[in-house]
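One file, final.cif, is given below (mmCIF, C-alpha atoms and all ligand atoms).
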data_target
loop_
_atom_site.label_atom_id
_atom_site.label_comp_id
_atom_site.auth_asym_id
_atom_site.auth_seq_id
_atom_site.Cartn_x
_atom_site.Cartn_y
_atom_site.Cartn_z
CA MET M 1 13.54 -3.60 17.55
CA SER M 2 12.73 -0.80 19.99
CA ASP M 3 9.58 1.24 19.54
CA ASN M 4 11.44 4.22 21.07
CA GLN M 5 12.85 4.84 17.60
CA VAL M 6 11.62 7.75 15.50
CA PRO M 7 8.93 6.60 13.01
CA ARG M 8 10.11 6.17 9.44
CA ILE M 9 6.72 7.36 8.26
CA SER M 10 4.48 9.51 10.43
CA ILE M 11 1.07 10.66 9.27
CA ARG M 12 -0.34 13.46 11.41
CA GLY M 13 -3.86 14.90 11.26
CA LEU M 14 -4.35 13.98 7.61
CA SER M 15 -7.70 15.08 6.21
CA LYS M 16 -9.18 14.86 2.74
CA ARG M 17 -12.64 15.57 1.45
CA PHE M 18 -14.19 15.57 -1.98
CA GLY M 19 -16.83 18.32 -2.00
CA GLU M 20 -18.86 17.79 1.14
CA LYS M 21 -17.85 14.15 1.42
CA VAL M 22 -15.22 13.69 4.14
CA ILE M 23 -13.01 10.70 3.36
CA LEU M 24 -10.05 11.14 5.73
CA ASP M 25 -10.76 13.01 8.93
CA ASP M 26 -7.65 13.50 11.10
CA VAL M 27 -5.76 10.30 10.27
CA ASN M 28 -2.77 9.59 12.53
CA LEU M 29 -0.46 6.67 11.83
CA ASP M 30 3.17 5.89 12.73
CA ILE M 31 5.26 3.27 10.95
CA MET M 32 8.52 2.37 12.63
CA PRO M 33 11.71 1.67 10.62
CA GLY M 34 11.77 -1.79 9.09
CA ARG M 35 8.21 -2.57 10.14
CA SER M 36 5.41 -3.73 7.88
CA THR M 37 2.07 -2.06 8.60
CA THR M 38 -1.17 -2.88 6.85
CA VAL M 39 -4.16 -0.55 6.80
CA ILE M 40 -7.38 -2.51 6.64
CA GLY M 41 -10.91 -1.21 6.28
CA MET M 42 -14.15 -1.51 4.40
CA SER M 43 -14.40 -0.77 0.73
CA GLY M 44 -14.69 2.98 0.22
CA THR M 45 -13.19 4.00 3.58
CA GLY M 46 -10.31 5.86 1.95
CA LYS M 47 -7.40 3.40 1.96
CA SER M 48 -6.45 4.24 -1.62
CA VAL M 49 -6.98 7.95 -0.97
CA LEU M 50 -4.51 7.66 1.94
CA ILE M 51 -1.83 6.04 -0.26
CA LYS M 52 -2.47 8.53 -3.07
CA CYS M 53 -1.94 11.41 -0.61
CA ILE M 54 1.41 9.91 0.44
CA LEU M 55 2.47 9.39 -3.18
CA GLY M 56 1.55 12.98 -4.05
CA ILE M 57 -1.21 11.91 -6.46
CA LEU M 58 -3.84 13.64 -4.28
CA LYS M 59 -3.37 16.80 -2.23
CA PRO M 60 -4.76 16.51 1.30
CA ASP M 61 -6.71 19.40 2.84
CA ALA M 62 -4.77 19.29 6.11
CA GLY M 63 -2.11 17.35 7.97
CA GLU M 64 1.48 16.23 7.63
CA ILE M 65 3.19 13.27 6.00
CA LEU M 66 6.62 12.98 7.60
CA VAL M 67 9.12 10.59 6.05
CA ASP M 68 12.38 10.42 8.01
CA GLY M 69 11.19 13.61 9.72
CA GLU M 70 10.71 15.55 6.47
CA ASN M 71 7.21 16.78 5.61
CA TRP M 72 6.59 15.53 2.09
CA LEU M 73 3.62 17.85 1.69
CA LYS M 74 5.97 20.85 1.82
CA LEU M 75 8.25 19.55 -0.95
CA SER M 76 8.25 20.97 -4.44
CA GLU M 77 7.09 18.58 -7.16
CA HIS M 78 10.71 18.14 -8.24
CA GLU M 79 11.91 17.30 -4.70
CA HIS M 80 8.95 14.96 -4.17
CA LEU M 81 9.80 13.10 -7.38
CA LYS M 82 13.40 12.73 -6.18
CA ARG M 83 12.21 11.16 -2.90
CA MET M 84 9.94 8.82 -4.86
CA LYS M 85 13.00 7.22 -6.50
CA ARG M 86 13.78 5.32 -3.34
CA ILE M 87 10.19 4.10 -3.02
CA GLY M 88 8.78 0.84 -4.35
CA MET M 89 5.10 0.78 -5.29
CA LEU M 90 2.95 -2.22 -6.20
CA PHE M 91 -0.26 -1.02 -7.82
CA GLN M 92 -3.48 -2.94 -7.44
CA ALA M 93 -3.96 -3.65 -11.14
CA GLY M 94 -0.26 -4.32 -11.78
CA ALA M 95 0.04 -1.22 -13.97
CA LEU M 96 2.55 -2.83 -16.34
CA PHE M 97 3.32 -0.89 -19.51
CA ASP M 98 1.76 -2.88 -22.39
CA SER M 99 4.32 -1.72 -24.94
CA LEU M 100 7.38 -2.77 -22.91
CA THR M 101 8.71 -6.30 -22.45
CA VAL M 102 8.58 -7.93 -19.03
CA TRP M 103 12.24 -7.15 -18.31
CA GLU M 104 11.88 -3.53 -19.41
CA ASN M 105 8.89 -3.21 -17.07
CA VAL M 106 10.80 -4.79 -14.18
CA SER M 107 13.89 -2.63 -14.58
CA PHE M 108 11.94 0.52 -15.50
CA ALA M 109 13.29 2.51 -12.53
CA LEU M 110 16.88 1.41 -13.29
CA LEU M 111 16.61 2.32 -16.99
CA ARG M 112 15.26 5.75 -16.01
CA LYS M 113 18.23 6.21 -13.71
CA GLY M 114 20.52 5.61 -16.69
CA VAL M 115 21.66 2.06 -15.83
CA ASP M 116 22.87 0.38 -19.03
CA LYS M 117 20.51 -2.08 -20.74
CA LYS M 118 22.68 -5.16 -20.16
CA SER M 119 22.98 -4.61 -16.40
CA ALA M 120 19.30 -3.64 -16.14
CA LYS M 121 18.23 -6.82 -17.92
CA GLU M 122 20.51 -8.96 -15.73
CA ARG M 123 19.03 -7.40 -12.59
CA ALA M 124 15.48 -7.91 -13.99
CA ILE M 125 16.19 -11.61 -14.60
CA GLU M 126 17.62 -11.96 -11.08
CA VAL M 127 14.51 -10.42 -9.50
CA LEU M 128 12.18 -12.40 -11.77
CA ASP M 129 13.95 -15.58 -10.58
CA TRP M 130 13.40 -14.38 -7.01
CA VAL M 131 9.62 -14.22 -7.58
CA GLY M 132 9.73 -17.68 -9.20
CA LEU M 133 9.42 -16.64 -12.85
CA HIS M 134 11.98 -18.02 -15.27
CA ASN M 135 12.58 -17.36 -18.98
CA ILE M 136 9.74 -14.87 -19.32
CA GLU M 137 11.81 -11.69 -19.54
CA ASP M 138 11.20 -11.20 -23.28
CA LEU M 139 7.43 -11.76 -23.14
CA MET M 140 4.94 -8.90 -23.38
CA PRO M 141 2.54 -8.20 -20.46
CA ALA M 142 -0.45 -9.37 -22.56
CA GLU M 143 1.07 -12.88 -22.57
CA LEU M 144 1.00 -13.17 -18.75
CA SER M 145 -1.67 -14.66 -16.49
CA GLY M 146 -3.01 -12.48 -13.65
CA GLY M 147 -0.81 -14.23 -11.09
CA MET M 148 2.29 -13.88 -13.28
CA ALA M 149 1.54 -10.19 -13.88
CA LYS M 150 1.25 -9.62 -10.13
CA ARG M 151 4.62 -11.32 -9.57
CA VAL M 152 6.16 -9.23 -12.35
CA GLY M 153 4.67 -6.17 -10.62
CA LEU M 154 6.28 -7.26 -7.35
CA ALA M 155 9.61 -7.82 -9.12
CA ARG M 156 9.36 -4.29 -10.52
CA THR M 157 8.53 -2.94 -7.06
CA ILE M 158 11.77 -4.27 -5.56
CA CYS M 159 14.14 -4.23 -8.56
CA HIS M 160 15.81 -0.93 -7.55
CA LYS M 161 16.12 -2.04 -3.88
CA PRO M 162 13.75 0.51 -2.34
CA ASP M 163 13.86 0.99 1.42
CA ILE M 164 10.21 2.05 1.64
CA VAL M 165 7.55 -0.01 -0.13
CA PHE M 166 3.84 0.67 -0.65
CA LEU M 167 1.55 -2.21 -1.59
CA ASP M 168 -1.96 -1.48 -2.86
CA GLU M 169 -4.23 -4.54 -2.44
CA PRO M 170 -1.45 -7.02 -3.30
CA THR M 171 -3.78 -10.04 -3.57
CA THR M 172 -6.86 -8.50 -5.21
CA GLY M 173 -8.17 -10.60 -8.09
CA LEU M 174 -5.95 -13.60 -7.38
CA ASP M 175 -7.04 -17.15 -6.55
CA PRO M 176 -6.34 -18.34 -2.97
CA ILE M 177 -3.20 -20.29 -3.93
CA MET M 178 -1.66 -17.44 -5.92
CA SER M 179 -2.60 -15.08 -3.07
CA ASP M 180 -0.62 -17.33 -0.73
CA VAL M 181 2.36 -17.25 -3.13
CA ILE M 182 2.26 -13.44 -3.23
CA ASN M 183 1.86 -13.14 0.55
CA ARG M 184 4.86 -15.42 1.11
CA LEU M 185 6.96 -13.43 -1.36
CA ILE M 186 6.05 -10.17 0.37
CA ALA M 187 6.88 -11.63 3.80
CA ARG M 188 10.23 -12.87 2.41
CA MET M 189 10.93 -9.50 0.79
CA HIS M 190 10.28 -7.81 4.13
CA ARG M 191 12.53 -10.26 5.98
CA ASP M 192 15.36 -10.09 3.43
CA SER M 193 15.36 -6.37 2.67
CA GLY M 194 14.38 -4.83 6.01
CA ALA M 195 12.34 -2.27 4.05
CA THR M 196 9.59 -0.29 5.77
CA ILE M 197 6.30 -1.40 4.24
CA LEU M 198 2.85 0.17 4.16
CA SER M 199 0.11 -1.94 2.59
CA ILE M 200 -3.61 -1.50 2.18
CA THR M 201 -6.01 -4.40 1.83
CA HIS M 202 -9.29 -5.85 2.97
CA ASP M 203 -7.90 -9.39 2.68
CA MET M 204 -7.43 -10.35 6.34
CA LYS M 205 -5.37 -13.44 5.55
CA SER M 206 -2.96 -11.29 3.57
CA ALA M 207 -2.83 -8.64 6.31
CA ALA M 208 -1.94 -11.26 8.92
CA MET M 209 0.77 -12.81 6.74
CA ILE M 210 2.55 -9.72 5.47
CA SER M 211 2.47 -7.30 8.40
CA ASP M 212 3.56 -6.93 11.97
CA GLN M 213 1.16 -4.05 12.66
CA ILE M 214 -2.47 -3.71 11.59
CA ALA M 215 -4.35 -0.41 11.52
CA LEU M 216 -8.12 -0.30 11.06
CA LEU M 217 -9.27 2.72 9.04
CA CYS M 218 -12.87 3.44 9.87
CA HIS M 219 -15.16 6.48 9.62
CA GLY M 220 -12.25 8.53 8.28
CA ARG M 221 -9.76 7.73 11.07
CA VAL M 222 -7.32 5.09 12.20
CA HIS M 223 -9.62 3.62 14.80
CA ARG M 224 -7.19 1.02 16.14
CA GLN M 225 -3.58 -0.04 15.55
CA ILE M 226 -2.36 -3.36 16.98
CA PRO M 227 0.43 -5.91 16.49
CA SER M 228 -0.81 -8.51 14.01
CA GLU M 229 -0.36 -11.35 16.51
CA GLN M 230 -3.18 -9.73 18.54
CA LEU M 231 -5.65 -10.00 15.67
CA ASP M 232 -7.41 -13.07 17.06
CA SER M 233 -7.54 -11.90 20.68
CA ASP M 234 -8.27 -8.17 20.34
CA GLN M 235 -11.80 -7.43 21.51
CA ASP M 236 -12.33 -3.99 19.97
CA PRO M 237 -15.93 -4.17 18.66
CA MET M 238 -15.20 -2.45 15.31
CA LEU M 239 -12.14 -4.59 14.66
CA ARG M 240 -14.06 -7.77 15.52
CA GLN M 241 -16.94 -6.75 13.26
CA PHE M 242 -14.57 -6.14 10.36
CA ILE M 243 -12.52 -9.32 10.88
CA GLU M 244 -15.62 -11.47 11.30
CA GLY M 245 -17.33 -9.80 8.32
CA ARG M 246 -20.60 -8.84 10.03
CA ALA M 247 -22.93 -6.23 8.53
CA GLU M 248 -24.39 -5.58 11.99
CA GLY M 249 -22.26 -3.73 14.51
CA PRO M 250 -20.68 -0.39 15.38
CA ILE M 251 -19.38 0.08 11.81
CA ASN M 252 -22.49 1.42 10.16
CA CYS M 253 -22.21 -0.03 6.68
CA SER M 254 -25.37 1.33 5.12
CA ASP M 255 -25.16 5.04 5.81
CA TRP M 256 -21.79 5.97 7.24
CA GLY M 257 -21.24 8.16 4.18
CA LYS M 258 -24.35 10.15 5.05
CA GLU M 259 -23.22 10.29 8.65
CA MET M 260 -19.91 11.85 7.60
CA GLU M 261 -21.72 14.33 5.34
CA VAL M 262 -23.84 15.40 8.31
CA ALA M 263 -20.72 15.69 10.44
CA VAL M 264 -19.24 18.37 8.16
CA GLN M 265 -22.38 20.52 7.95
CA PRO M 266 -21.65 24.02 9.32
N1 LIG M 301 -10.72 11.64 -7.15
C1 LIG M 301 -11.84 11.43 -6.43
N2 LIG M 301 -12.89 12.26 -6.54
C2 LIG M 301 -14.01 12.08 -5.80
N3 LIG M 301 -14.18 11.06 -4.92
C3 LIG M 301 -13.15 10.19 -4.79
C4 LIG M 301 -11.94 10.34 -5.53
N4 LIG M 301 -11.09 9.32 -5.16
C5 LIG M 301 -11.77 8.60 -4.24
N5 LIG M 301 -12.99 9.12 -4.02
C6 LIG M 301 -13.99 8.63 -3.06
O1 LIG M 301 -13.33 8.41 -1.84
C7 LIG M 301 -13.89 7.28 -1.19
C8 LIG M 301 -12.77 6.36 -0.75
O2 LIG M 301 -12.20 5.75 -1.91
P1 LIG M 301 -10.96 4.77 -1.84
O3 LIG M 301 -10.69 4.34 -3.25
O4 LIG M 301 -9.86 5.37 -1.09
O5 LIG M 301 -11.57 3.56 -1.00
P2 LIG M 301 -10.85 2.22 -0.54
O6 LIG M 301 -10.94 2.16 0.94
O7 LIG M 301 -9.49 2.13 -1.15
O8 LIG M 301 -11.85 1.15 -1.19
P3 LIG M 301 -11.56 -0.28 -1.89
O9 LIG M 301 -11.18 -1.19 -0.76
O10 LIG M 301 -12.87 -0.62 -2.49
O11 LIG M 301 -10.46 -0.09 -2.90
C9 LIG M 301 -14.88 6.65 -2.14
O12 LIG M 301 -16.18 7.08 -1.76
C10 LIG M 301 -14.50 7.25 -3.47
O13 LIG M 301 -15.62 7.38 -4.30
#

Structure re-expressed in structure tokens:
Amino acid sequence: MSDNQVPRISIRGLSKRFGEKVILDDVNLDIMPGRSTTVIGMSGTGKSVLIKCILGILKPDAGEILVDGENWLKLSEHEHLKRMKRIGMLFQAGALFDSLTVWENVSFALLRKGVDKKSAKERAIEVLDWVGLHNIEDLMPAELSGGMAKRVGLARTICHKPDIVFLDEPTTGLDPIMSDVINRLIARMHRDSGATILSITHDMKSAAMISDQIALLCHGRVHRQIPSEQLDSDQDPMLRQFIEGRAEGPINCSDWGKEMEVAVQP
């Protein structure tokens, strides 16, 4: 695929602060069509804030979020909601509705679109099979293990065949084997669907398995964006510090928050 293409998602100069605390400070990130990009970064660097800005849950202070060339920040709430229908979103905690059965959760987007119950259930069963879960469609979420709930969440993410998918910490809270299962499913979903994927995680194994581009979010900015096959060889000091998990280094772990507060003083 040529990188001369127009980005599917283009984030330009995105900034967000809470009070005096600057979280995102001129974030720039391009995601090409059909590519899978993972934003990595320390806990508290603003990965979730970034995704929430894209989803319209948080309002950034400045910048643009262009999807297929259209600035989503200029859309009315109604138009934004319409665009969201072609998006798939896997939330960190699964976010299944407790009062709905597994199949109703999986086909939630289809049922809301008015698809009849029989077809919606058939599609839910098909996608549940795809994630390796059989005969669980009539269970309630409370009856699922954490790994099963995550797979149900993934089934729900892709049930309506979205062409853009956001994944928030897809392996958080899972054991290493279940993490591997989820990573393989995401890689297969990317291969099979050709969807454009943006994930956030601090799980480096997951990032390497599910993405073809890695972006390091650090001190409020995308500090470095590289192809994932360069992860082992790239010598950027911040990237190396993060990948190798060292407290000492150019990423100042203890007081970067203070540093950012100082940076916004008039
Ligand atoms: N609604 C909010 N109001 C005030 N501060 C917030 C709000 N949402 C996030 N923050 C702050 O923004 C910072 C970044 O949070 P965020 O959840 O994006 O981090 P993260 O990189 O996703 O971390 P983790 O990897 O631990 O999930 C944190 O200091 C958090 O306290």

Closest to ligand LIG 301 (chain M) among M:Val106, M:Leu75, M:Leu167, M:Ile186, using all atoms listed in the file?
->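 Comparing M:Val106, M:Leu75, M:Leu167, M:Ile186 against ligand LIG 301 (chain M), the winner is M:Leu167.
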
How many Å lie between atom C6 of ligand LIG 301 (chain M) and atom CA of M:Gly46, rounded to one decimal?
->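 Distance reported for this atom pair: 6.8 Å.
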
Find the residues around M:Lys161 up to 12 Å (all atoms listed in the file counted), leave out those fewer than 4 positions away in its own chain, and share them as a PyMOL selection string.
-> chain M and resi 85-89+106-107+109-110+123-124+127+154-157+165+189-190+192-196

Excluding M:Trp103 and any residue of its chain fewer than 6 positions from it, enumerate the residues within 12 Å of it, using all atoms listed in the file, and give them as a PyMOL selection string.
-> chain M and resi 96-97+109-111+117-129+133-141+149+152-153+155-156+159

What does the distance from atom CA of M:Arg224 to atom CA of M:Val27 come to in Å, to one decimal?
-> 11.1 Å

Find, counting all atoms listed in the file, the residue in M:Ser145, M:Thr37, M:Ser48, M:Asn252 that gets nearest to M:Ala207.
->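 Counting all atoms listed in the file, the residue closest to M:Ala207 is M:Thr37.
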
Return the single residue from M:Gly173, M:Pro33, M:Gly13, M:Gly249 that is closest to ligand LIG 301 (chain M), with distances computed using only C-alpha atoms and all ligand atoms.
->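 When distances to ligand LIG 301 (chain M) are compared using only C-alpha atoms and all ligand atoms, the smallest one comes from M:Gly173.
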
Between atom C7 of ligand LIG 301 (chain M) and atom CA of M:Asp68, what is the distance, to one decimal in Å?
-> 28.0 Å

Counting all atoms listed in the file, name the residues that have an atom within 6 Å of an atom of ligand LIG 301 (chain M); the answer should be given as JSON, numbers by chain.
-> {"M": [18, 23, 42, 43, 44, 45, 46, 47, 48, 49]}

Suppose we keep C-alpha atoms; can you now write the selection as a short mmCIF file (atom, residue, chain, number, x, y, z; two decimals), keeping the file's coordinate frame?
data_model
loop_
_atom_site.label_atom_id
_atom_site.label_comp_id
_atom_site.auth_asym_id
_atom_site.auth_seq_id
_atom_site.Cartn_x
_atom_site.Cartn_y
_atom_site.Cartn_z
CA PHE M 18 -14.19 15.57 -1.98
CA ILE M 23 -13.01 10.70 3.36
CA MET M 42 -14.15 -1.51 4.40
CA SER M 43 -14.40 -0.77 0.73
CA GLY M 44 -14.69 2.98 0.22
CA THR M 45 -13.19 4.00 3.58
CA GLY M 46 -10.31 5.86 1.95
CA LYS M 47 -7.40 3.40 1.96
CA SER M 48 -6.45 4.24 -1.62
CA VAL M 49 -6.98 7.95 -0.97
#

Give me the stretch 73-126 of chain M side of the contact with stretch 51-64 of chain M, cut-off 10 Å, one line per residue showing its nearest atom pair and distance in Å at one decimal, counting only C-alpha atoms, sorted by chain and residue number, as CSV.
residue,atom,partner,partner_atom,distance
M:Leu73,CA,M:Glu64,CA,6.5
M:Lys74,CA,M:Glu64,CA,8.7
M:Leu75,CA,M:Gly56,CA,9.9
M:Glu77,CA,M:Gly56,CA,8.5
M:His80,CA,M:Gly56,CA,7.7
M:Leu81,CA,M:Gly56,CA,8.9
M:Arg83,CA,M:Leu55,CA,9.9
M:Met84,CA,M:Leu55,CA,7.7
M:Ile87,CA,M:Leu55,CA,9.4
M:Met89,CA,M:Leu55,CA,9.2

Looking at all atoms listed in the file, which of M:Gly34, M:Gly220, M:Gly245, M:Pro162 is the one that sits closest to M:Lys16?
->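 Closest to M:Lys16 of all the choices is M:Gly220.
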
Out of M:Asp175, M:Asp26, M:Asp236, M:Glu169, which residue has the shortest atom-to-atom distance to M:Phe91 when counting only C-alpha atoms?
->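 Checking each of M:Asp175, M:Asp26, M:Asp236, M:Glu169 against M:Phe91, counting only C-alpha atoms, the winner is M:Glu169.
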